[in-house]
file target33.pdb (PDB, C-alpha atoms)
ATOM      1  CA  MET A 212     -22.081  18.029   6.035  1.00  0.00           C
ATOM      2  CA  SER A 213     -20.723  16.731   9.292  1.00  0.00           C
ATOM      3  CA  SER A 214     -19.178  13.830   7.389  1.00  0.00           C
ATOM      4  CA  LEU A 215     -16.906  16.100   5.320  1.00  0.00           C
ATOM      5  CA  HIS A 216     -17.040  19.721   6.364  1.00  0.00           C
ATOM      6  CA  PRO A 217     -19.851  21.982   7.569  1.00  0.00           C
ATOM      7  CA  SER A 218     -19.166  24.609   4.885  1.00  0.00           C
ATOM      8  CA  LEU A 219     -20.018  22.117   2.120  1.00  0.00           C
ATOM      9  CA  THR A 220     -23.738  22.173   2.819  1.00  0.00           C
ATOM     10  CA  GLU A 221     -24.411  24.961   0.310  1.00  0.00           C
ATOM     11  CA  LYS A 222     -22.232  23.331  -2.340  1.00  0.00           C
ATOM     12  CA  VAL A 223     -23.970  19.952  -2.012  1.00  0.00           C
ATOM     13  CA  GLU A 224     -27.388  21.621  -1.994  1.00  0.00           C
ATOM     14  CA  ALA A 225     -26.453  23.447  -5.204  1.00  0.00           C
ATOM     15  CA  LEU A 226     -25.251  20.190  -6.776  1.00  0.00           C
ATOM     16  CA  LEU A 227     -28.531  18.455  -5.894  1.00  0.00           C
ATOM     17  CA  ASP A 228     -30.558  21.434  -7.178  1.00  0.00           C
ATOM     18  CA  ALA A 229     -28.644  21.381 -10.469  1.00  0.00           C
ATOM     19  CA  HIS A 230     -29.470  17.701 -10.933  1.00  0.00           C
ATOM     20  CA  ARG A 231     -33.110  18.397 -10.030  1.00  0.00           C
ATOM     21  CA  LYS A 232     -33.292  21.125 -12.681  1.00  0.00           C
ATOM     22  CA  ALA A 233     -31.614  18.838 -15.224  1.00  0.00           C
ATOM     23  CA  GLY A 234     -33.994  16.017 -14.314  1.00  0.00           C
ATOM     24  CA  SER A 235     -31.059  13.713 -13.616  1.00  0.00           C
ATOM     25  CA  ARG A 236     -30.487  11.215 -10.833  1.00  0.00           C
ATOM     26  CA  VAL A 237     -27.187  10.047  -9.402  1.00  0.00           C
ATOM     27  CA  ALA A 238     -25.570   7.020  -7.781  1.00  0.00           C
ATOM     28  CA  MET A 239     -22.238   6.390  -6.073  1.00  0.00           C
ATOM     29  CA  ALA A 240     -19.912   3.383  -5.930  1.00  0.00           C
ATOM     30  CA  GLU A 241     -17.440   3.929  -3.099  1.00  0.00           C
ATOM     31  CA  SER A 242     -14.559   1.882  -1.829  1.00  0.00           C
ATOM     32  CA  CYS A 243     -11.843   3.765   0.075  1.00  0.00           C
ATOM     33  CA  THR A 244     -14.238   6.551   1.098  1.00  0.00           C
ATOM     34  CA  GLY A 245     -16.566   4.071   2.791  1.00  0.00           C
ATOM     35  CA  GLY A 246     -19.740   6.000   2.001  1.00  0.00           C
ATOM     36  CA  LEU A 247     -18.573   9.542   2.775  1.00  0.00           C
ATOM     37  CA  VAL A 248     -19.979  10.920  -0.478  1.00  0.00           C
ATOM     38  CA  SER A 249     -23.289   9.131  -0.057  1.00  0.00           C
ATOM     39  CA  ALA A 250     -23.474  10.473   3.502  1.00  0.00           C
ATOM     40  CA  ALA A 251     -22.774  14.027   2.315  1.00  0.00           C
ATOM     41  CA  LEU A 252     -25.560  13.772  -0.258  1.00  0.00           C
ATOM     42  CA  THR A 253     -28.070  12.288   2.171  1.00  0.00           C
ATOM     43  CA  ASP A 254     -27.255  14.875   4.846  1.00  0.00           C
ATOM     44  CA  ILE A 255     -29.460  17.177   2.750  1.00  0.00           C
ATOM     45  CA  ALA A 256     -33.192  16.736   3.350  1.00  0.00           C
ATOM     46  CA  GLY A 257     -35.053  15.857   0.176  1.00  0.00           C
ATOM     47  CA  SER A 258     -32.017  14.428  -1.601  1.00  0.00           C
ATOM     48  CA  SER A 259     -33.883  11.193  -2.382  1.00  0.00           C
ATOM     49  CA  ASP A 260     -35.391  12.739  -5.513  1.00  0.00           C
ATOM     50  CA  VAL A 261     -31.856  12.986  -6.967  1.00  0.00           C
ATOM     51  CA  PHE A 262     -29.712  10.439  -5.113  1.00  0.00           C
ATOM     52  CA  LEU A 263     -30.841   6.901  -5.930  1.00  0.00           C
ATOM     53  CA  ALA A 264     -28.202   4.605  -4.463  1.00  0.00           C
ATOM     54  CA  GLY A 265     -24.839   4.394  -2.822  1.00  0.00           C
ATOM     55  CA  TYR A 266     -22.835   1.183  -3.029  1.00  0.00           C
ATOM     56  CA  VAL A 267     -20.069   0.803  -0.463  1.00  0.00           C
ATOM     57  CA  THR A 268     -18.008  -2.019  -1.932  1.00  0.00           C
ATOM     58  CA  TYR A 269     -14.905  -2.168   0.182  1.00  0.00           C
ATOM     59  CA  SER A 270     -13.891  -5.729  -0.675  1.00  0.00           C
ATOM     60  CA  ASN A 271     -13.237  -7.139  -4.118  1.00  0.00           C
ATOM     61  CA  GLU A 272     -15.949  -9.718  -3.445  1.00  0.00           C
ATOM     62  CA  ALA A 273     -18.475  -6.932  -2.834  1.00  0.00           C
ATOM     63  CA  LYS A 274     -17.383  -5.111  -5.993  1.00  0.00           C
ATOM     64  CA  THR A 275     -18.070  -8.291  -7.947  1.00  0.00           C
ATOM     65  CA  ARG A 276     -21.314  -9.244  -6.222  1.00  0.00           C
ATOM     66  CA  MET A 277     -22.908  -5.808  -5.980  1.00  0.00           C
ATOM     67  CA  LEU A 278     -21.535  -4.044  -9.063  1.00  0.00           C
ATOM     68  CA  GLY A 279     -20.609  -6.834 -11.444  1.00  0.00           C
ATOM     69  CA  VAL A 280     -16.871  -6.124 -11.537  1.00  0.00           C
ATOM     70  CA  GLU A 281     -15.206  -9.054 -13.282  1.00  0.00           C
ATOM     71  CA  PRO A 282     -12.785 -10.834 -10.874  1.00  0.00           C
ATOM     72  CA  VAL A 283     -10.120 -11.034 -13.581  1.00  0.00           C
ATOM     73  CA  LEU A 284      -9.704  -7.236 -13.350  1.00  0.00           C
ATOM     74  CA  PHE A 285      -8.419  -7.544  -9.788  1.00  0.00           C
ATOM     75  CA  GLU A 286      -5.793 -10.028 -10.964  1.00  0.00           C
ATOM     76  CA  THR A 287      -4.707  -8.102 -14.064  1.00  0.00           C
ATOM     77  CA  ASP A 288      -5.049  -4.472 -12.983  1.00  0.00           C
ATOM     78  CA  GLY A 289      -5.638  -4.470  -9.231  1.00  0.00           C
ATOM     79  CA  ALA A 290      -8.571  -3.081  -7.260  1.00  0.00           C
ATOM     80  CA  VAL A 291      -7.084   0.425  -7.496  1.00  0.00           C
ATOM     81  CA  SER A 292      -7.125   0.892 -11.250  1.00  0.00           C
ATOM     82  CA  GLU A 293      -8.959   2.739 -13.969  1.00  0.00           C
ATOM     83  CA  LYS A 294     -10.540  -0.473 -15.255  1.00  0.00           C
ATOM     84  CA  VAL A 295     -11.974  -1.433 -11.858  1.00  0.00           C
ATOM     85  CA  ALA A 296     -13.184   2.136 -11.249  1.00  0.00           C
ATOM     86  CA  ARG A 297     -14.887   2.098 -14.652  1.00  0.00           C
ATOM     87  CA  ALA A 298     -16.552  -1.247 -13.978  1.00  0.00           C
ATOM     88  CA  MET A 299     -17.718   0.060 -10.592  1.00  0.00           C
ATOM     89  CA  ALA A 300     -19.245   3.222 -12.099  1.00  0.00           C
ATOM     90  CA  GLU A 301     -20.897   1.337 -14.941  1.00  0.00           C
ATOM     91  CA  GLY A 302     -22.232  -1.260 -12.490  1.00  0.00           C
ATOM     92  CA  ALA A 303     -23.694   1.424 -10.222  1.00  0.00           C
ATOM     93  CA  LEU A 304     -25.224   3.153 -13.235  1.00  0.00           C
ATOM     94  CA  SER A 305     -26.904   0.027 -14.608  1.00  0.00           C
ATOM     95  CA  ARG A 306     -28.009  -1.420 -11.267  1.00  0.00           C
ATOM     96  CA  SER A 307     -29.446   1.828  -9.896  1.00  0.00           C
ATOM     97  CA  GLY A 308     -31.082   3.232 -13.006  1.00  0.00           C
ATOM     98  CA  ALA A 309     -29.331   6.559 -12.413  1.00  0.00           C
ATOM     99  CA  ASP A 310     -28.334   9.002 -15.118  1.00  0.00           C
ATOM    100  CA  VAL A 311     -24.880   9.598 -13.619  1.00  0.00           C
ATOM    101  CA  ALA A 312     -22.702   7.416 -11.401  1.00  0.00           C
ATOM    102  CA  VAL A 313     -19.311   8.155  -9.902  1.00  0.00           C
ATOM    103  CA  SER A 314     -16.961   5.536  -8.494  1.00  0.00           C
ATOM    104  CA  ILE A 315     -13.992   5.817  -6.145  1.00  0.00           C
ATOM    105  CA  THR A 316     -11.305   3.210  -5.501  1.00  0.00           C
ATOM    106  CA  GLY A 317      -8.003   3.983  -3.844  1.00  0.00           C
ATOM    107  CA  ILE A 318      -5.439   3.503  -1.125  1.00  0.00           C
ATOM    108  CA  ALA A 319      -6.154   5.670   1.918  1.00  0.00           C
ATOM    109  CA  GLY A 320      -3.366   4.205   4.059  1.00  0.00           C
ATOM    110  CA  PRO A 321      -1.518   4.195   6.226  1.00  0.00           C
ATOM    111  CA  GLY A 322      -0.565   0.792   4.761  1.00  0.00           C
ATOM    112  CA  GLY A 323      -1.469  -0.957   1.534  1.00  0.00           C
ATOM    113  CA  GLY A 324       0.586   1.147  -0.829  1.00  0.00           C
ATOM    114  CA  SER A 325       3.369   0.031  -3.156  1.00  0.00           C
ATOM    115  CA  MET A 326       5.977   1.665  -5.379  1.00  0.00           C
ATOM    116  CA  GLU A 327       3.549   1.456  -8.321  1.00  0.00           C
ATOM    117  CA  LYS A 328       0.517   2.538  -6.305  1.00  0.00           C
ATOM    118  CA  PRO A 329       1.524   4.500  -3.218  1.00  0.00           C
ATOM    119  CA  VAL A 330      -0.803   5.524  -0.428  1.00  0.00           C
ATOM    120  CA  GLY A 331      -2.906   8.397  -1.752  1.00  0.00           C
ATOM    121  CA  THR A 332      -3.492   6.832  -5.193  1.00  0.00           C
ATOM    122  CA  VAL A 333      -7.203   7.158  -6.000  1.00  0.00           C
ATOM    123  CA  TRP A 334      -9.081   6.454  -9.238  1.00  0.00           C
ATOM    124  CA  PHE A 335     -12.439   8.054 -10.038  1.00  0.00           C
ATOM    125  CA  VAL A 336     -14.771   7.370 -12.942  1.00  0.00           C
ATOM    126  CA  ARG A 337     -17.917   9.221 -13.920  1.00  0.00           C
ATOM    127  CA  ALA A 338     -20.260   7.244 -16.165  1.00  0.00           C
ATOM    128  CA  SER A 339     -23.430   8.652 -17.697  1.00  0.00           C
ATOM    129  CA  SER A 340     -26.459   6.956 -19.196  1.00  0.00           C
ATOM    130  CA  ASP A 341     -25.629   8.650 -22.526  1.00  0.00           C
ATOM    131  CA  GLY A 342     -22.471   6.504 -22.698  1.00  0.00           C
ATOM    132  CA  ALA A 343     -20.005   9.197 -21.678  1.00  0.00           C
ATOM    133  CA  VAL A 344     -17.237   7.997 -19.376  1.00  0.00           C
ATOM    134  CA  MET A 345     -14.531  10.112 -17.756  1.00  0.00           C
ATOM    135  CA  ALA A 346     -11.674   8.741 -15.656  1.00  0.00           C
ATOM    136  CA  LYS A 347      -9.497  10.727 -13.288  1.00  0.00           C
ATOM    137  CA  LEU A 348      -6.443   9.727 -11.261  1.00  0.00           C
ATOM    138  CA  GLU A 349      -5.496  11.662  -8.137  1.00  0.00           C
ATOM    139  CA  ASN A 350      -2.283  11.177  -6.203  1.00  0.00           C
ATOM    140  CA  PHE A 351      -2.984  12.686  -2.821  1.00  0.00           C
ATOM    141  CA  ASP A 352      -0.111  13.330  -0.398  1.00  0.00           C
ATOM    142  CA  PRO A 353       0.987   9.906   0.911  1.00  0.00           C
ATOM    143  CA  ALA A 354       2.084  11.550   4.163  1.00  0.00           C
ATOM    144  CA  ALA A 355      -1.469  12.801   4.798  1.00  0.00           C
ATOM    145  CA  SER A 356      -3.604  10.983   7.323  1.00  0.00           C
ATOM    146  CA  ARG A 357      -6.059   8.305   6.271  1.00  0.00           C
ATOM    147  CA  ASP A 358      -8.931  10.623   7.200  1.00  0.00           C
ATOM    148  CA  GLU A 359      -7.494  13.449   5.093  1.00  0.00           C
ATOM    149  CA  ILE A 360      -7.013  11.243   2.011  1.00  0.00           C
ATOM    150  CA  ARG A 361     -10.569   9.927   2.341  1.00  0.00           C
ATOM    151  CA  ARG A 362     -11.914  13.472   2.768  1.00  0.00           C
ATOM    152  CA  GLN A 363     -10.010  14.752  -0.279  1.00  0.00           C
ATOM    153  CA  ALA A 364     -11.242  11.800  -2.339  1.00  0.00           C
ATOM    154  CA  ALA A 365     -14.840  12.463  -1.302  1.00  0.00           C
ATOM    155  CA  LEU A 366     -14.524  16.129  -2.247  1.00  0.00           C
ATOM    156  CA  ALA A 367     -13.056  15.207  -5.645  1.00  0.00           C
ATOM    157  CA  ALA A 368     -15.955  12.804  -6.250  1.00  0.00           C
ATOM    158  CA  LEU A 369     -18.478  15.525  -5.450  1.00  0.00           C
ATOM    159  CA  GLU A 370     -16.815  17.691  -8.093  1.00  0.00           C
ATOM    160  CA  LEU A 371     -17.257  14.895 -10.639  1.00  0.00           C
ATOM    161  CA  LEU A 372     -20.961  14.632  -9.804  1.00  0.00           C
ATOM    162  CA  SER A 373     -21.652  18.158 -11.043  1.00  0.00           C
ATOM    163  CA  PRO A 374     -24.058  18.119 -14.006  1.00  0.00           C
TER     164      PRO A 374
END
call {"tool": "encode", "arguments": {"input": "target33.pdb", "output": "structure tokens"}}
result
Amino acid sequence: MSSLHPSLTEKVEALLDAHRKAGSRVAMAESCTGGLVSAALTDIAGSSDVFLAGYVTYSNEAKTRMLGVEPVLFETDGAVSEKVARAMAEGALSRSGADVAVSITGIAGPGGGSMEKPVGTVWFVRASSDGAVMAKLENFDPAASRDEIRRQAALAALELLSP
């Protein structure tokens, strides 16, 4: 788990084992974390039987092209929004063939924030092939470093991946 924290190895192994036992496969759609969650999952040997795909869609264009996010959502809600996070998760789910997909879109800073969406604002969505969708908003400390916000977001996404 060099990408997040060495002590997470056991936790990620347990998460992968739980998905193995459940017969479920997972995918990620990451923006502000830039692939940290996908890296944490693939740090574990043998994870390919559970982890199908990781989409790092940093730009709006990539979110549209790779995940099918409708461009109008960026205009009406912004890239950091529940609707975009949902479209990202649902796109990763349908394109990968996974049973569970989690998306992350947020503002890691140090710039890019606003009064409405300050640095540290991060949306997560978990979408499942059974149609269940769960959204979560986190407001991490805007004074935290970019690396710390990204790390906290990756850890929160791992929690959402639990079966």
call {"tool": "resolve_selection", "arguments": {"input": "target33.pdb", "expression": "the PyMOL selection byres ((chain A and resi 341-357) around 7)", "output": "short mmCIF file (atom, residue, chain, number, x, y, z; two decimals) with C-alpha atoms, keeping the file's coordinate frame"}}
result
data_model
loop_
_atom_site.label_atom_id
_atom_site.label_comp_id
_atom_site.auth_asym_id
_atom_site.auth_seq_id
_atom_site.Cartn_x
_atom_site.Cartn_y
_atom_site.Cartn_z
CA GLU A 293 -8.96 2.74 -13.97
CA ALA A 319 -6.15 5.67 1.92
CA GLY A 320 -3.37 4.20 4.06
CA PRO A 321 -1.52 4.20 6.23
CA PRO A 329 1.52 4.50 -3.22
CA VAL A 330 -0.80 5.52 -0.43
CA GLY A 331 -2.91 8.40 -1.75
CA THR A 332 -3.49 6.83 -5.19
CA VAL A 333 -7.20 7.16 -6.00
CA TRP A 334 -9.08 6.45 -9.24
CA PHE A 335 -12.44 8.05 -10.04
CA VAL A 336 -14.77 7.37 -12.94
CA ARG A 337 -17.92 9.22 -13.92
CA ALA A 338 -20.26 7.24 -16.16
CA SER A 339 -23.43 8.65 -17.70
CA SER A 340 -26.46 6.96 -19.20
CA ASP A 358 -8.93 10.62 7.20
CA GLU A 359 -7.49 13.45 5.09
CA ILE A 360 -7.01 11.24 2.01
CA ARG A 361 -10.57 9.93 2.34
#
call {"tool": "residues_around", "arguments": {"input": "target33.pdb", "residues": "Val261 (chain A)", "least_positions_apart": "4", "cutoff": "9 Å", "atoms": "all atoms listed in the file", "output": "compact mmCIF listing (two decimals) with C-alpha atoms, in the frame of the given file"}}
result
# COMPACT_ATOMS: atom_id res chain seq x y z
CA LEU A 227 -28.53 18.45 -5.89
CA ASP A 228 -30.56 21.43 -7.18
CA HIS A 230 -29.47 17.70 -10.93
CA ARG A 231 -33.11 18.40 -10.03
CA GLY A 234 -33.99 16.02 -14.31
CA SER A 235 -31.06 13.71 -13.62
CA ARG A 236 -30.49 11.22 -10.83
CA VAL A 237 -27.19 10.05 -9.40
CA ALA A 238 -25.57 7.02 -7.78
CA GLY A 257 -35.05 15.86 0.18
CA ALA A 309 -29.33 6.56 -12.41
call {"tool": "resolve_selection", "arguments": {"input": "target33.pdb", "expression": "the PyMOL selection byres ((chain A and resi 366) around 10)", "output": "PyMOL selection string"}}
result
chain A and resi 215-216+219+247-248+251+360-365+367-371
call {"tool": "residues_around", "arguments": {"input": "target33.pdb", "residues": "Ala264 (chain A)", "least_positions_apart": "6", "cutoff": "12 Å", "atoms": "all atoms listed in the file", "output": "PyMOL selection string"}}
result
chain A and resi 236-241+246+248-250+252-253+258+277-278+300+302-314
call {"tool": "atom_distance", "arguments": {"input": "target33.pdb", "atom1": "CA of Val267 (chain A)", "atom2": "CA of Met326 (chain A)"}}
result
26.5 Å
call {"tool": "closest_residue", "arguments": {"input": "target33.pdb", "among": "A:Thr316, A:Arg276, A:Lys328, A:Leu372", "to": "Val223 (chain A)", "atoms": "only C-alpha atoms"}}
result
A:Leu372
call {"tool": "residues_near_point", "arguments": {"input": "target33.pdb", "point": "(-15.9, -3.0, 4.7)", "cutoff": "10 Å", "atoms": "all atoms listed in the file", "output": "list of chain:residue names"}}
result
A:Ser242, A:Cys243, A:Gly245, A:Val267, A:Thr268, A:Tyr269, A:Ser270, A:Ala273
call {"tool": "atom_distance", "arguments": {"input": "target33.pdb", "atom1": "CA of Ala290 (chain A)", "atom2": "CA of Asn271 (chain A)"}}
result
6.9 Å
call {"tool": "atom_distance", "arguments": {"input": "target33.pdb", "atom1": "CA of Ala296 (chain A)", "atom2": "CA of Ile318 (chain A)"}}
result
12.8 Å
call {"tool": "closest_residue", "arguments": {"input": "target33.pdb", "among": "A:Val283, A:Ile255, A:Glu327, A:Ala298", "to": "Ala225 (chain A)", "atoms": "all atoms listed in the file"}}
result
A:Ile255
call {"tool": "axis_aligned_box", "arguments": {"input": "target33.pdb", "around": "region 320-334 of chain A", "padding_each_side": "5 Å", "output": "lines of an AutoDock Vina configuration file"}}
result
center_x = -1.6
center_y = 3.7
center_z = -1.5
size_x = 25.1
size_y = 19.4
size_z = 25.5
